[in-house]
Amino acid sequence: MDQTIYIVDDIVAAPGKGRELLELYRSAYAPGARARGMVLDREIVAPPVWLDELSNRLLITWTVQGAPGWWGQGVQSRYDPAVAEFWQQADGLIAERARYFGAAEADVEGISHV
């Protein structure tokens, strides 16, 4: 059975830009992510209100199945100019961003030995 790998985009929006950033992410990034085999797990907005003068944090989680899904989406995104175009377009809406990868502890052993 394949193990689930989580891909978490942790994006802090520029003050007052959280909603606009999430809409851009949904329209310009998400379709390509789905085409690369990523499945949207959840979108979390923190705090849970849109802020006009402060920053919202967007935690967007995707899943892929096993090491092949993880490596596959990564390689495809490197060669997809739309990915770089999205991040360039979103740059003025972002204060900071990071991407994390993880799995349930029970899946780590299987992923490590692929």
# chains A, B, ... in the order shown; residues from 1 in each chain; ligands from 1
$ residues_around --residues "stretch 40-45 of chain A" --least-positions-apart "5" --cutoff "7 Å" --atoms "only C-alpha atoms" --output "list in words"
Asn56, Arg57, Leu58, Leu59, Ile60, Thr61, Trp62 and Thr63 of chain A
$ residues_around --residues "A:Gly69" --least-positions-apart "5" --cutoff "12 Å" --atoms "only C-alpha atoms" --output "JSON, numbers by chain"
{"A": [2, 3, 4, 5, 6, 7, 33, 34, 35, 36, 37, 38, 39, 62, 63, 64, 74, 75, 76, 111, 114]}
$ closest_residue --among "A:Pro47, A:Gly72, A:Gly110, A:Gly32" --to "A:Phe86" --atoms "only C-alpha atoms"
A:Gly32
$ closest_residue --among "A:Asp91, A:Glu53, A:Glu85, A:Glu105" --to "A:Tyr29" --atoms "only C-alpha atoms"
A:Glu85
$ atom_distance --atom1 "atom CA of A:Ser55" --atom2 "atom CA of A:Pro15"
4.3 Å
$ closest_residue --among "A:Leu21, A:Leu93, A:Val108, A:Ala98" --to "A:Val8" --atoms "only C-alpha atoms"
A:Ala98
$ select_by_dssp --residues "stretch 44-84 of chain A" --states "alpha helix (DSSP H)" --output "ChimeraX atom specification"
/A:66-78,81-84
$ select_by_dssp --residues "chain A" --states "strand (DSSP E or B)" --output "VMD selection string"
chain A and resid 4 to 13 39 to 46 57 to 65 94 to 103
$ write_last_selection --atoms "C-alpha atoms" --output "PDB file, in the first residue's frame"
ATOM      1  CA  THR A   4       0.648   9.354   1.986  1.00  0.00           C
ATOM      2  CA  ILE A   5       3.120  12.207   1.798  1.00  0.00           C
ATOM      3  CA  TYR A   6       1.908  15.669   2.777  1.00  0.00           C
ATOM      4  CA  ILE A   7       3.132  18.806   1.033  1.00  0.00           C
ATOM      5  CA  VAL A   8       2.436  21.911   3.102  1.00  0.00           C
ATOM      6  CA  ASP A   9       2.676  25.405   1.688  1.00  0.00           C
ATOM      7  CA  ASP A  10       3.013  27.789   4.634  1.00  0.00           C
ATOM      8  CA  ILE A  11       2.511  31.276   3.224  1.00  0.00           C
ATOM      9  CA  VAL A  12       2.281  34.505   5.191  1.00  0.00           C
ATOM     10  CA  ALA A  13       0.395  37.056   3.113  1.00  0.00           C
ATOM     11  CA  VAL A  39      -4.541  16.178  -4.224  1.00  0.00           C
ATOM     12  CA  LEU A  40      -5.727  19.155  -2.176  1.00  0.00           C
ATOM     13  CA  ASP A  41      -6.166  18.077   1.438  1.00  0.00           C
ATOM     14  CA  ARG A  42      -7.088  21.370   3.117  1.00  0.00           C
ATOM     15  CA  GLU A  43      -6.713  25.134   3.184  1.00  0.00           C
ATOM     16  CA  ILE A  44      -6.353  26.763   6.576  1.00  0.00           C
ATOM     17  CA  VAL A  45      -6.539  30.526   7.096  1.00  0.00           C
ATOM     18  CA  ALA A  46      -5.062  31.819  10.332  1.00  0.00           C
ATOM     19  CA  ARG A  57      -1.142  32.832   7.299  1.00  0.00           C
ATOM     20  CA  LEU A  58      -2.264  30.338   4.667  1.00  0.00           C
ATOM     21  CA  LEU A  59      -1.497  26.700   5.357  1.00  0.00           C
ATOM     22  CA  ILE A  60      -2.344  24.729   2.232  1.00  0.00           C
ATOM     23  CA  THR A  61      -1.849  20.989   2.392  1.00  0.00           C
ATOM     24  CA  TRP A  62      -1.621  18.636  -0.559  1.00  0.00           C
ATOM     25  CA  THR A  63      -1.094  14.889  -0.633  1.00  0.00           C
ATOM     26  CA  VAL A  64       0.695  12.537  -2.998  1.00  0.00           C
ATOM     27  CA  GLN A  65       1.058   8.791  -2.773  1.00  0.00           C
ATOM     28  CA  ILE A  94       3.613  37.396   0.070  1.00  0.00           C
ATOM     29  CA  ALA A  95       5.528  38.425   3.192  1.00  0.00           C
ATOM     30  CA  GLU A  96       7.207  35.020   3.592  1.00  0.00           C
ATOM     31  CA  ARG A  97       6.751  31.443   2.519  1.00  0.00           C
ATOM     32  CA  ALA A  98       8.038  27.950   3.137  1.00  0.00           C
ATOM     33  CA  ARG A  99       7.197  24.466   1.909  1.00  0.00           C
ATOM     34  CA  TYR A 100       7.368  21.380   4.104  1.00  0.00           C
ATOM     35  CA  PHE A 101       7.078  17.685   3.332  1.00  0.00           C
ATOM     36  CA  GLY A 102       6.027  15.052   5.837  1.00  0.00           C
ATOM     37  CA  ALA A 103       4.271  11.784   6.491  1.00  0.00           C
TER      38      ALA A 103
END
$ atom_distance --atom1 "atom CA of A:Ala84" --atom2 "atom CA of A:Leu54"
26.3 Å
$ atom_distance --atom1 "atom CA of A:Gly92" --atom2 "atom CA of A:Gly16"
11.6 Å
